[in-house]
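Notes for the one structure printed next.
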Amino acid sequence: MSTGPTPTESTSARTPGRVLVTGWFSVPDGEITAGDLLARDAAVADLQALGRPFDVAMTRTFVPHDDPSVDLARVDADAYDVVLWVCGPARGRQLQRVADGFPAARLLGVDVSVVDGLAPLHAALARDGDGEPRPDTSLLVEVPDVPVVGVCLAHAQHEYGPRQRHELVHDLVLPALASAPLAGGPPALVPFDTRLATGEPHVPSTPAQVESLLRRLDVVVTSRLHGLVLALKNGVPVVGLDPVDGGAKVAAQGRALGWPVLLPHEVTTARLQEQLAWALSDDARAAAAQVLPAARAALAGSAQELGALLGR
């Protein structure tokens, strides 16, 4: 859907020039969403198909140093015939600043929501507003499949006194996972806990909810005993961490289940990433599938053992 003047009405007398692709991803105070970046990539693909020269403006705080994008605050405004604002509402101070910074360019919108008229846009392909809604262009962009990694970290455990190394271990975990050199890019991290609560909708209230979540993960990284046990119960490979110097209950449970657990002195970025790569392998998935049958066999005499404990 085109909202406002059609391209033929406004541009027939102009020589097509360079396009600057902008959006919330271009401004330093922008809140960047996955949809913003996917809509950006869809617009870039369309410009490439049209053979139009373009640059993409990205906030410097969001992109790596080798990114080929440009800095909105440093570009030559006269170098662009069109400024394309991608995704989000067709209004707001960020959009207005862009309009003010490129007074000679046509300001067009793609995948925008028209809330209260187009201004300051001159025209737009709107996803909603007046007329029939248009499918969101994020649908057009294929993305790689990345692992979904559940992260379950124990709170401080004062019963271990000076042997606690929780901060040392946990401070390494998230940066190491976020920088893991995986083929599709860093994994998607899902924080969770085995703690149950009522009246907290974002916290599970039943063991079934915890285990249903676990079954949907590719790997679990945890320093909790039951993070390790319940993940393996459901056949999910684990990067096990024991945050107590010398090892405590997590390491002991790892031994009982035949599963490796890193002790504090072994928790380094390189070792975490190495363990993550292994946990994502077919070998690790096969090993995890064997834990529950082996544990059930080891616990086959549980009732008799309890009976002996009870003195029956």
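Chain labels run A, B, ... following the order of the structure tokens; each chain numbers its residues from 1, and ligands are numbered from 1 in the order shown.
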Contacts of stretch 186-193 of chain A at 10 Å (only C-alpha atoms; same-chain gap of 3+ positions) as a ChimeraX atom specification = /A:145-154,174,176-183,196,202-204,210,213-214,217-222,224,226-227
Close residues, A:Thr33 itself excluded, 12 Å, only C-alpha atoms, min 5 positions apart in chain, as a ChimeraX atom specification = /A:23-25,38-40,62,86-88,138
Exercise: A:Gly51 partners within 12 Å, only C-alpha atoms, chain neighbours under 4 positions left out, as a ChimeraX atom specification | /A:16-19,44-47
Next, write the just-selected residues to a file, as a tab-separated table (two decimals), in the first residue's frame, keeping N, CA and C atoms as the atom set.
```tsv
chain	number	residue	atom	x	y	z
A	16	PRO	N	17.36	9.38	-10.21
A	16	PRO	CA	17.50	8.55	-9.01
A	16	PRO	C	18.91	8.63	-8.43
A	17	GLY	N	19.00	8.90	-7.16
A	17	GLY	CA	20.29	9.04	-6.51
A	17	GLY	C	20.45	8.08	-5.36
A	18	ARG	N	21.39	8.38	-4.48
A	18	ARG	CA	21.71	7.49	-3.38
A	18	ARG	C	20.64	7.55	-2.30
A	19	VAL	N	20.37	6.39	-1.72
A	19	VAL	CA	19.36	6.27	-0.67
A	19	VAL	C	20.07	6.04	0.66
A	44	VAL	N	16.93	-3.30	2.31
A	44	VAL	CA	18.23	-3.40	1.64
A	44	VAL	C	18.14	-4.36	0.46
A	45	ALA	N	17.50	-5.52	0.66
A	45	ALA	CA	17.35	-6.48	-0.43
A	45	ALA	C	16.56	-5.88	-1.59
A	46	ASP	N	15.53	-5.11	-1.29
A	46	ASP	CA	14.74	-4.48	-2.35
A	46	ASP	C	15.56	-3.44	-3.10
A	47	LEU	N	16.34	-2.64	-2.39
A	47	LEU	CA	17.19	-1.65	-3.05
A	47	LEU	C	18.23	-2.31	-3.94
```
Excluding A:Val250 and residues on its chain fewer than 6 positions from it, collect all residues at most 7 Å away from it, counting only C-alpha atoms, and give them as JSON, numbers by chain.
-> {"A": [223, 224, 225, 242]}
Could the residues in this selection be saved with C-alpha atoms as an mmCIF file, in the first residue's frame?
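Saved file out37.cif follows:
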```cif
data_model
loop_
_atom_site.group_PDB
_atom_site.id
_atom_site.type_symbol
_atom_site.label_atom_id
_atom_site.label_comp_id
_atom_site.auth_asym_id
_atom_site.auth_seq_id
_atom_site.Cartn_x
_atom_site.Cartn_y
_atom_site.Cartn_z
ATOM 1 C CA SER A 223 25.293 -23.963 38.341
ATOM 2 C CA ARG A 224 22.146 -25.336 39.999
ATOM 3 C CA LEU A 225 21.938 -28.997 40.972
ATOM 4 C CA ASP A 242 30.049 -26.019 40.212
#
```
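The two atoms in question, atom CA of A:Val141 and atom CA of A:Pro68, are spaced 19.6 Å apart.
Distances to A:Gly258 were evaluated for A:Val27, A:Val291, A:Leu125, A:Ala208 using only C-alpha atoms, and the minimum falls at A:Val291.
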I need the residues of stretch 1-250 of chain A that end up classed as helix (DSSP H, G or I) by DSSP on the backbone, written out as a PDB file with N, CA and C atoms, in the first residue's frame.
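Contents of the output file selection_37.pdb:
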```pdb
ATOM      1  N   PRO A   7       5.163   7.524  -6.131  1.00  0.00           N
ATOM      2  CA  PRO A   7       6.511   7.837  -6.584  1.00  0.00           C
ATOM      3  C   PRO A   7       6.532   8.538  -7.934  1.00  0.00           C
ATOM      4  N   THR A   8       5.651   8.168  -8.870  1.00  0.00           N
ATOM      5  CA  THR A   8       5.678   8.785 -10.193  1.00  0.00           C
ATOM      6  C   THR A   8       5.285  10.255 -10.126  1.00  0.00           C
ATOM      7  N   GLU A   9       4.405  10.597  -9.202  1.00  0.00           N
ATOM      8  CA  GLU A   9       3.985  11.992  -9.067  1.00  0.00           C
ATOM      9  C   GLU A   9       5.105  12.864  -8.515  1.00  0.00           C
ATOM     10  N   SER A  10       5.937  12.299  -7.639  1.00  0.00           N
ATOM     11  CA  SER A  10       6.888  13.130  -6.907  1.00  0.00           C
ATOM     12  C   SER A  10       8.305  13.046  -7.454  1.00  0.00           C
ATOM     13  N   THR A  11       8.646  12.003  -8.190  1.00  0.00           N
ATOM     14  CA  THR A  11      10.048  11.795  -8.523  1.00  0.00           C
ATOM     15  C   THR A  11      10.319  11.712 -10.014  1.00  0.00           C
ATOM     16  N   TRP A  24      15.001   3.286  13.708  1.00  0.00           N
ATOM     17  CA  TRP A  24      15.373   3.321  15.118  1.00  0.00           C
ATOM     18  C   TRP A  24      16.792   2.807  15.328  1.00  0.00           C
ATOM     19  N   PHE A  25      17.265   1.973  14.424  1.00  0.00           N
ATOM     20  CA  PHE A  25      18.627   1.449  14.509  1.00  0.00           C
ATOM     21  C   PHE A  25      19.682   2.489  14.147  1.00  0.00           C
ATOM     22  N   SER A  26      19.255   3.674  13.713  1.00  0.00           N
ATOM     23  CA  SER A  26      20.200   4.713  13.289  1.00  0.00           C
ATOM     24  C   SER A  26      20.454   5.765  14.353  1.00  0.00           C
ATOM     25  N   ALA A  34      14.102  -6.699  16.982  1.00  0.00           N
ATOM     26  CA  ALA A  34      14.384  -7.648  15.917  1.00  0.00           C
ATOM     27  C   ALA A  34      13.638  -7.257  14.650  1.00  0.00           C
ATOM     28  N   GLY A  35      12.386  -6.804  14.814  1.00  0.00           N
ATOM     29  CA  GLY A  35      11.608  -6.391  13.653  1.00  0.00           C
ATOM     30  C   GLY A  35      12.239  -5.232  12.909  1.00  0.00           C
ATOM     31  N   ASP A  36      12.838  -4.280  13.637  1.00  0.00           N
ATOM     32  CA  ASP A  36      13.519  -3.158  12.999  1.00  0.00           C
ATOM     33  C   ASP A  36      14.624  -3.650  12.066  1.00  0.00           C
ATOM     34  N   LEU A  37      15.456  -4.565  12.575  1.00  0.00           N
ATOM     35  CA  LEU A  37      16.596  -5.017  11.778  1.00  0.00           C
ATOM     36  C   LEU A  37      16.164  -5.907  10.619  1.00  0.00           C
ATOM     37  N   LEU A  38      15.107  -6.698  10.815  1.00  0.00           N
ATOM     38  CA  LEU A  38      14.617  -7.523   9.712  1.00  0.00           C
ATOM     39  C   LEU A  38      13.984  -6.654   8.625  1.00  0.00           C
ATOM     40  N   ALA A  39      13.246  -5.626   9.025  1.00  0.00           N
ATOM     41  CA  ALA A  39      12.680  -4.702   8.048  1.00  0.00           C
ATOM     42  C   ALA A  39      13.796  -3.946   7.317  1.00  0.00           C
ATOM     43  N   ARG A  40      14.839  -3.578   8.034  1.00  0.00           N
ATOM     44  CA  ARG A  40      16.006  -2.961   7.390  1.00  0.00           C
ATOM     45  C   ARG A  40      16.575  -3.882   6.316  1.00  0.00           C
ATOM     46  N   ASP A  41      16.755  -5.164   6.656  1.00  0.00           N
ATOM     47  CA  ASP A  41      17.339  -6.112   5.706  1.00  0.00           C
ATOM     48  C   ASP A  41      16.425  -6.325   4.506  1.00  0.00           C
ATOM     49  N   ALA A  42      15.109  -6.301   4.726  1.00  0.00           N
ATOM     50  CA  ALA A  42      14.179  -6.424   3.605  1.00  0.00           C
ATOM     51  C   ALA A  42      14.292  -5.218   2.682  1.00  0.00           C
ATOM     52  N   ALA A  43      14.414  -4.025   3.258  1.00  0.00           N
ATOM     53  CA  ALA A  43      14.564  -2.814   2.447  1.00  0.00           C
ATOM     54  C   ALA A  43      15.875  -2.839   1.670  1.00  0.00           C
ATOM     55  N   VAL A  44      16.934  -3.296   2.314  1.00  0.00           N
ATOM     56  CA  VAL A  44      18.229  -3.397   1.637  1.00  0.00           C
ATOM     57  C   VAL A  44      18.142  -4.363   0.461  1.00  0.00           C
ATOM     58  N   ALA A  45      17.497  -5.515   0.655  1.00  0.00           N
ATOM     59  CA  ALA A  45      17.353  -6.482  -0.434  1.00  0.00           C
ATOM     60  C   ALA A  45      16.564  -5.882  -1.594  1.00  0.00           C
ATOM     61  N   ASP A  46      15.527  -5.111  -1.293  1.00  0.00           N
ATOM     62  CA  ASP A  46      14.739  -4.479  -2.351  1.00  0.00           C
ATOM     63  C   ASP A  46      15.564  -3.436  -3.098  1.00  0.00           C
ATOM     64  N   LEU A  47      16.345  -2.643  -2.387  1.00  0.00           N
ATOM     65  CA  LEU A  47      17.193  -1.646  -3.045  1.00  0.00           C
ATOM     66  C   LEU A  47      18.228  -2.315  -3.944  1.00  0.00           C
ATOM     67  N   GLN A  48      18.786  -3.426  -3.467  1.00  0.00           N
ATOM     68  CA  GLN A  48      19.738  -4.161  -4.297  1.00  0.00           C
ATOM     69  C   GLN A  48      19.065  -4.691  -5.556  1.00  0.00           C
ATOM     70  N   ALA A  49      17.846  -5.214  -5.409  1.00  0.00           N
ATOM     71  CA  ALA A  49      17.119  -5.720  -6.577  1.00  0.00           C
ATOM     72  C   ALA A  49      16.812  -4.609  -7.567  1.00  0.00           C
ATOM     73  N   LEU A  50      16.573  -3.391  -7.074  1.00  0.00           N
ATOM     74  CA  LEU A  50      16.288  -2.246  -7.931  1.00  0.00           C
ATOM     75  C   LEU A  50      17.540  -1.618  -8.521  1.00  0.00           C
ATOM     76  N   ALA A  77      24.652  15.282   4.212  1.00  0.00           N
ATOM     77  CA  ALA A  77      23.221  15.251   3.904  1.00  0.00           C
ATOM     78  C   ALA A  77      22.960  15.445   2.419  1.00  0.00           C
ATOM     79  N   ASP A  78      23.829  16.190   1.723  1.00  0.00           N
ATOM     80  CA  ASP A  78      23.615  16.459   0.308  1.00  0.00           C
ATOM     81  C   ASP A  78      23.926  15.251  -0.576  1.00  0.00           C
ATOM     82  N   ALA A  79      24.473  14.175   0.013  1.00  0.00           N
ATOM     83  CA  ALA A  79      24.831  12.996  -0.783  1.00  0.00           C
ATOM     84  C   ALA A  79      23.633  12.101  -1.069  1.00  0.00           C
ATOM     85  N   ARG A  93      10.058  12.148  17.827  1.00  0.00           N
ATOM     86  CA  ARG A  93      11.170  13.097  17.783  1.00  0.00           C
ATOM     87  C   ARG A  93      12.364  12.538  17.019  1.00  0.00           C
ATOM     88  N   GLN A  94      12.588  11.224  17.068  1.00  0.00           N
ATOM     89  CA  GLN A  94      13.721  10.646  16.342  1.00  0.00           C
ATOM     90  C   GLN A  94      13.531  10.819  14.838  1.00  0.00           C
ATOM     91  N   LEU A  95      12.343  10.510  14.357  1.00  0.00           N
ATOM     92  CA  LEU A  95      12.041  10.691  12.931  1.00  0.00           C
ATOM     93  C   LEU A  95      12.114  12.160  12.550  1.00  0.00           C
ATOM     94  N   GLN A  96      11.633  13.026  13.399  1.00  0.00           N
ATOM     95  CA  GLN A  96      11.670  14.452  13.090  1.00  0.00           C
ATOM     96  C   GLN A  96      13.111  14.956  13.006  1.00  0.00           C
ATOM     97  N   ARG A  97      13.981  14.464  13.878  1.00  0.00           N
ATOM     98  CA  ARG A  97      15.393  14.871  13.808  1.00  0.00           C
ATOM     99  C   ARG A  97      16.009  14.458  12.476  1.00  0.00           C
ATOM    100  N   VAL A  98      15.664  13.263  12.014  1.00  0.00           N
ATOM    101  CA  VAL A  98      16.167  12.825  10.714  1.00  0.00           C
ATOM    102  C   VAL A  98      15.642  13.746   9.616  1.00  0.00           C
ATOM    103  N   ALA A  99      14.370  14.065   9.673  1.00  0.00           N
ATOM    104  CA  ALA A  99      13.791  14.967   8.674  1.00  0.00           C
ATOM    105  C   ALA A  99      14.492  16.320   8.680  1.00  0.00           C
ATOM    106  N   ASP A 100      14.761  16.834   9.858  1.00  0.00           N
ATOM    107  CA  ASP A 100      15.417  18.139   9.970  1.00  0.00           C
ATOM    108  C   ASP A 100      16.853  18.089   9.456  1.00  0.00           C
ATOM    109  N   GLY A 101      17.491  16.936   9.596  1.00  0.00           N
ATOM    110  CA  GLY A 101      18.885  16.818   9.178  1.00  0.00           C
ATOM    111  C   GLY A 101      19.076  16.637   7.690  1.00  0.00           C
ATOM    112  N   THR A 137       7.283  -6.548   6.555  1.00  0.00           N
ATOM    113  CA  THR A 137       8.351  -7.049   5.680  1.00  0.00           C
ATOM    114  C   THR A 137       9.362  -7.938   6.399  1.00  0.00           C
ATOM    115  N   SER A 138       9.281  -8.018   7.734  1.00  0.00           N
ATOM    116  CA  SER A 138      10.158  -8.957   8.436  1.00  0.00           C
ATOM    117  C   SER A 138       9.897 -10.392   7.980  1.00  0.00           C
ATOM    118  N   LEU A 139       8.720 -10.644   7.413  1.00  0.00           N
ATOM    119  CA  LEU A 139       8.378 -11.969   6.903  1.00  0.00           C
ATOM    120  C   LEU A 139       9.269 -12.393   5.741  1.00  0.00           C
ATOM    121  N   LEU A 140       9.883 -11.436   5.065  1.00  0.00           N
ATOM    122  CA  LEU A 140      10.645 -11.742   3.852  1.00  0.00           C
ATOM    123  C   LEU A 140      12.074 -12.191   4.120  1.00  0.00           C
ATOM    124  N   HIS A 158      25.441 -19.714  51.201  1.00  0.00           N
ATOM    125  CA  HIS A 158      26.305 -19.353  52.328  1.00  0.00           C
ATOM    126  C   HIS A 158      26.772 -20.559  53.130  1.00  0.00           C
ATOM    127  N   GLU A 159      26.128 -21.691  52.942  1.00  0.00           N
ATOM    128  CA  GLU A 159      26.559 -22.880  53.677  1.00  0.00           C
ATOM    129  C   GLU A 159      27.968 -23.326  53.287  1.00  0.00           C
ATOM    130  N   TYR A 160      28.447 -22.824  52.138  1.00  0.00           N
ATOM    131  CA  TYR A 160      29.792 -23.207  51.703  1.00  0.00           C
ATOM    132  C   TYR A 160      30.864 -22.207  52.141  1.00  0.00           C
ATOM    133  N   GLY A 161      30.437 -21.158  52.832  1.00  0.00           N
ATOM    134  CA  GLY A 161      31.391 -20.216  53.414  1.00  0.00           C
ATOM    135  C   GLY A 161      32.395 -19.678  52.412  1.00  0.00           C
ATOM    136  N   PRO A 162      33.678 -19.636  52.777  1.00  0.00           N
ATOM    137  CA  PRO A 162      34.693 -19.038  51.897  1.00  0.00           C
ATOM    138  C   PRO A 162      34.972 -19.853  50.640  1.00  0.00           C
ATOM    139  N   ARG A 163      34.396 -21.037  50.521  1.00  0.00           N
ATOM    140  CA  ARG A 163      34.605 -21.842  49.314  1.00  0.00           C
ATOM    141  C   ARG A 163      33.728 -21.372  48.145  1.00  0.00           C
ATOM    142  N   HIS A 166      30.809 -18.165  43.447  1.00  0.00           N
ATOM    143  CA  HIS A 166      29.678 -17.898  42.565  1.00  0.00           C
ATOM    144  C   HIS A 166      29.918 -16.696  41.648  1.00  0.00           C
ATOM    145  N   GLU A 167      30.373 -15.586  42.206  1.00  0.00           N
ATOM    146  CA  GLU A 167      30.572 -14.390  41.382  1.00  0.00           C
ATOM    147  C   GLU A 167      31.645 -14.632  40.331  1.00  0.00           C
ATOM    148  N   LEU A 168      32.732 -15.262  40.725  1.00  0.00           N
ATOM    149  CA  LEU A 168      33.821 -15.552  39.790  1.00  0.00           C
ATOM    150  C   LEU A 168      33.321 -16.381  38.618  1.00  0.00           C
ATOM    151  N   VAL A 169      32.535 -17.410  38.914  1.00  0.00           N
ATOM    152  CA  VAL A 169      32.013 -18.296  37.873  1.00  0.00           C
ATOM    153  C   VAL A 169      30.950 -17.592  37.040  1.00  0.00           C
ATOM    154  N   HIS A 170      29.981 -16.974  37.701  1.00  0.00           N
ATOM    155  CA  HIS A 170      28.850 -16.408  36.980  1.00  0.00           C
ATOM    156  C   HIS A 170      29.232 -15.202  36.142  1.00  0.00           C
ATOM    157  N   ASP A 171      30.222 -14.428  36.579  1.00  0.00           N
ATOM    158  CA  ASP A 171      30.632 -13.253  35.803  1.00  0.00           C
ATOM    159  C   ASP A 171      31.193 -13.627  34.435  1.00  0.00           C
ATOM    160  N   LEU A 172      31.656 -14.856  34.297  1.00  0.00           N
ATOM    161  CA  LEU A 172      32.211 -15.301  33.025  1.00  0.00           C
ATOM    162  C   LEU A 172      31.163 -15.875  32.084  1.00  0.00           C
ATOM    163  N   VAL A 173      30.046 -16.314  32.645  1.00  0.00           N
ATOM    164  CA  VAL A 173      29.118 -17.136  31.861  1.00  0.00           C
ATOM    165  C   VAL A 173      28.492 -16.366  30.702  1.00  0.00           C
ATOM    166  N   LEU A 174      27.775 -15.279  30.973  1.00  0.00           N
ATOM    167  CA  LEU A 174      27.041 -14.600  29.918  1.00  0.00           C
ATOM    168  C   LEU A 174      27.952 -14.018  28.836  1.00  0.00           C
ATOM    169  N   PRO A 175      29.055 -13.326  29.185  1.00  0.00           N
ATOM    170  CA  PRO A 175      29.942 -12.845  28.111  1.00  0.00           C
ATOM    171  C   PRO A 175      30.515 -13.983  27.268  1.00  0.00           C
ATOM    172  N   ALA A 176      30.852 -15.108  27.910  1.00  0.00           N
ATOM    173  CA  ALA A 176      31.398 -16.238  27.158  1.00  0.00           C
ATOM    174  C   ALA A 176      30.369 -16.811  26.198  1.00  0.00           C
ATOM    175  N   LEU A 177      29.118 -16.916  26.637  1.00  0.00           N
ATOM    176  CA  LEU A 177      28.074 -17.436  25.759  1.00  0.00           C
ATOM    177  C   LEU A 177      27.748 -16.453  24.642  1.00  0.00           C
ATOM    178  N   ALA A 178      27.704 -15.174  24.978  1.00  0.00           N
ATOM    179  CA  ALA A 178      27.354 -14.159  23.981  1.00  0.00           C
ATOM    180  C   ALA A 178      28.405 -14.033  22.892  1.00  0.00           C
ATOM    181  N   PRO A 207       6.488 -28.151  38.754  1.00  0.00           N
ATOM    182  CA  PRO A 207       7.599 -28.840  38.104  1.00  0.00           C
ATOM    183  C   PRO A 207       7.323 -29.129  36.630  1.00  0.00           C
ATOM    184  N   ALA A 208       6.076 -29.384  36.279  1.00  0.00           N
ATOM    185  CA  ALA A 208       5.746 -29.658  34.879  1.00  0.00           C
ATOM    186  C   ALA A 208       6.070 -28.466  33.988  1.00  0.00           C
ATOM    187  N   GLN A 209       5.853 -27.265  34.490  1.00  0.00           N
ATOM    188  CA  GLN A 209       6.187 -26.070  33.702  1.00  0.00           C
ATOM    189  C   GLN A 209       7.692 -25.962  33.494  1.00  0.00           C
ATOM    190  N   VAL A 210       8.463 -26.253  34.534  1.00  0.00           N
ATOM    191  CA  VAL A 210       9.920 -26.199  34.415  1.00  0.00           C
ATOM    192  C   VAL A 210      10.407 -27.212  33.388  1.00  0.00           C
ATOM    193  N   GLU A 211       9.911 -28.442  33.501  1.00  0.00           N
ATOM    194  CA  GLU A 211      10.398 -29.480  32.597  1.00  0.00           C
ATOM    195  C   GLU A 211       9.901 -29.265  31.166  1.00  0.00           C
ATOM    196  N   SER A 212       8.725 -28.716  30.989  1.00  0.00           N
ATOM    197  CA  SER A 212       8.231 -28.411  29.640  1.00  0.00           C
ATOM    198  C   SER A 212       9.106 -27.352  28.978  1.00  0.00           C
ATOM    199  N   LEU A 213       9.544 -26.372  29.764  1.00  0.00           N
ATOM    200  CA  LEU A 213      10.485 -25.378  29.247  1.00  0.00           C
ATOM    201  C   LEU A 213      11.801 -26.030  28.868  1.00  0.00           C
ATOM    202  N   LEU A 214      12.317 -26.862  29.743  1.00  0.00           N
ATOM    203  CA  LEU A 214      13.607 -27.500  29.506  1.00  0.00           C
ATOM    204  C   LEU A 214      13.615 -28.314  28.219  1.00  0.00           C
ATOM    205  N   ARG A 215      12.538 -29.031  27.955  1.00  0.00           N
ATOM    206  CA  ARG A 215      12.486 -29.893  26.772  1.00  0.00           C
ATOM    207  C   ARG A 215      12.576 -29.123  25.477  1.00  0.00           C
ATOM    208  N   LEU A 225      22.007 -27.539  41.000  1.00  0.00           N
ATOM    209  CA  LEU A 225      21.938 -28.997  40.972  1.00  0.00           C
ATOM    210  C   LEU A 225      20.738 -29.458  40.135  1.00  0.00           C
ATOM    211  N   HIS A 226      19.575 -28.903  40.391  1.00  0.00           N
ATOM    212  CA  HIS A 226      18.396 -29.373  39.659  1.00  0.00           C
ATOM    213  C   HIS A 226      18.321 -28.820  38.247  1.00  0.00           C
ATOM    214  N   GLY A 227      19.062 -27.762  37.963  1.00  0.00           N
ATOM    215  CA  GLY A 227      19.204 -27.364  36.568  1.00  0.00           C
ATOM    216  C   GLY A 227      19.889 -28.460  35.779  1.00  0.00           C
ATOM    217  N   LEU A 228      20.928 -29.039  36.380  1.00  0.00           N
ATOM    218  CA  LEU A 228      21.647 -30.160  35.769  1.00  0.00           C
ATOM    219  C   LEU A 228      20.758 -31.395  35.684  1.00  0.00           C
ATOM    220  N   VAL A 229      20.163 -31.777  36.805  1.00  0.00           N
ATOM    221  CA  VAL A 229      19.418 -33.034  36.880  1.00  0.00           C
ATOM    222  C   VAL A 229      18.195 -33.021  35.966  1.00  0.00           C
ATOM    223  N   LEU A 230      17.404 -31.962  36.026  1.00  0.00           N
ATOM    224  CA  LEU A 230      16.157 -31.946  35.264  1.00  0.00           C
ATOM    225  C   LEU A 230      16.393 -31.792  33.765  1.00  0.00           C
ATOM    226  N   ALA A 231      17.452 -31.077  33.390  1.00  0.00           N
ATOM    227  CA  ALA A 231      17.783 -31.002  31.958  1.00  0.00           C
ATOM    228  C   ALA A 231      18.157 -32.384  31.434  1.00  0.00           C
ATOM    229  N   LEU A 232      19.038 -33.082  32.161  1.00  0.00           N
ATOM    230  CA  LEU A 232      19.454 -34.420  31.722  1.00  0.00           C
ATOM    231  C   LEU A 232      18.300 -35.409  31.786  1.00  0.00           C
ATOM    232  N   LYS A 233      17.426 -35.251  32.745  1.00  0.00           N
ATOM    233  CA  LYS A 233      16.231 -36.099  32.814  1.00  0.00           C
ATOM    234  C   LYS A 233      15.441 -36.031  31.518  1.00  0.00           C
ATOM    235  N   LYS A 249      27.820 -30.032  45.589  1.00  0.00           N
ATOM    236  CA  LYS A 249      26.717 -30.899  45.194  1.00  0.00           C
ATOM    237  C   LYS A 249      26.544 -31.005  43.674  1.00  0.00           C
ATOM    238  N   VAL A 250      26.833 -29.943  42.934  1.00  0.00           N
ATOM    239  CA  VAL A 250      26.667 -30.032  41.477  1.00  0.00           C
ATOM    240  C   VAL A 250      27.683 -31.004  40.887  1.00  0.00           C
TER     241      VAL A 250
END
```
Can you tell me, as a list in words, what residues are no more than 8 Å from stretch 259-266 of chain A when counting only C-alpha atoms, ignoring any on the same chain fewer than 3 positions away?
-> Arg165, Leu168, Val169, Val239, Gly240, Leu241, Asp242, Pro243, Val244, Asp245, Gly246, Gly247, Val250, Ala251, Gly254, Arg255, Ala256 and Arg271 of chain A
10 Å contact set for A:Thr206, only C-alpha atoms, chain neighbours under 6 positions out, as a list of chain:residue names =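 Listed by chain and then number, they are A:Thr194, A:Arg195, A:Leu196, A:Ala197, A:Thr198.
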Out of A:Ala303, A:Ala308, A:His155, A:Gly235, which residue has the shortest atom-to-atom distance to A:Ala287 when counting only C-alpha atoms?
->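 Closest candidate: A:Gly235.
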Pick from A:Ser113, A:Gln304, A:Thr61, A:Ser205 nearest to A:Trp85, counting only C-alpha atoms =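 Closest residue, counting only C-alpha atoms: A:Ser113.
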Residues near A:Asp128, cut-off 8 Å, only C-alpha atoms, skip fewer than 5 positions along chain, as a ChimeraX atom specification = /A:112-114,133-134
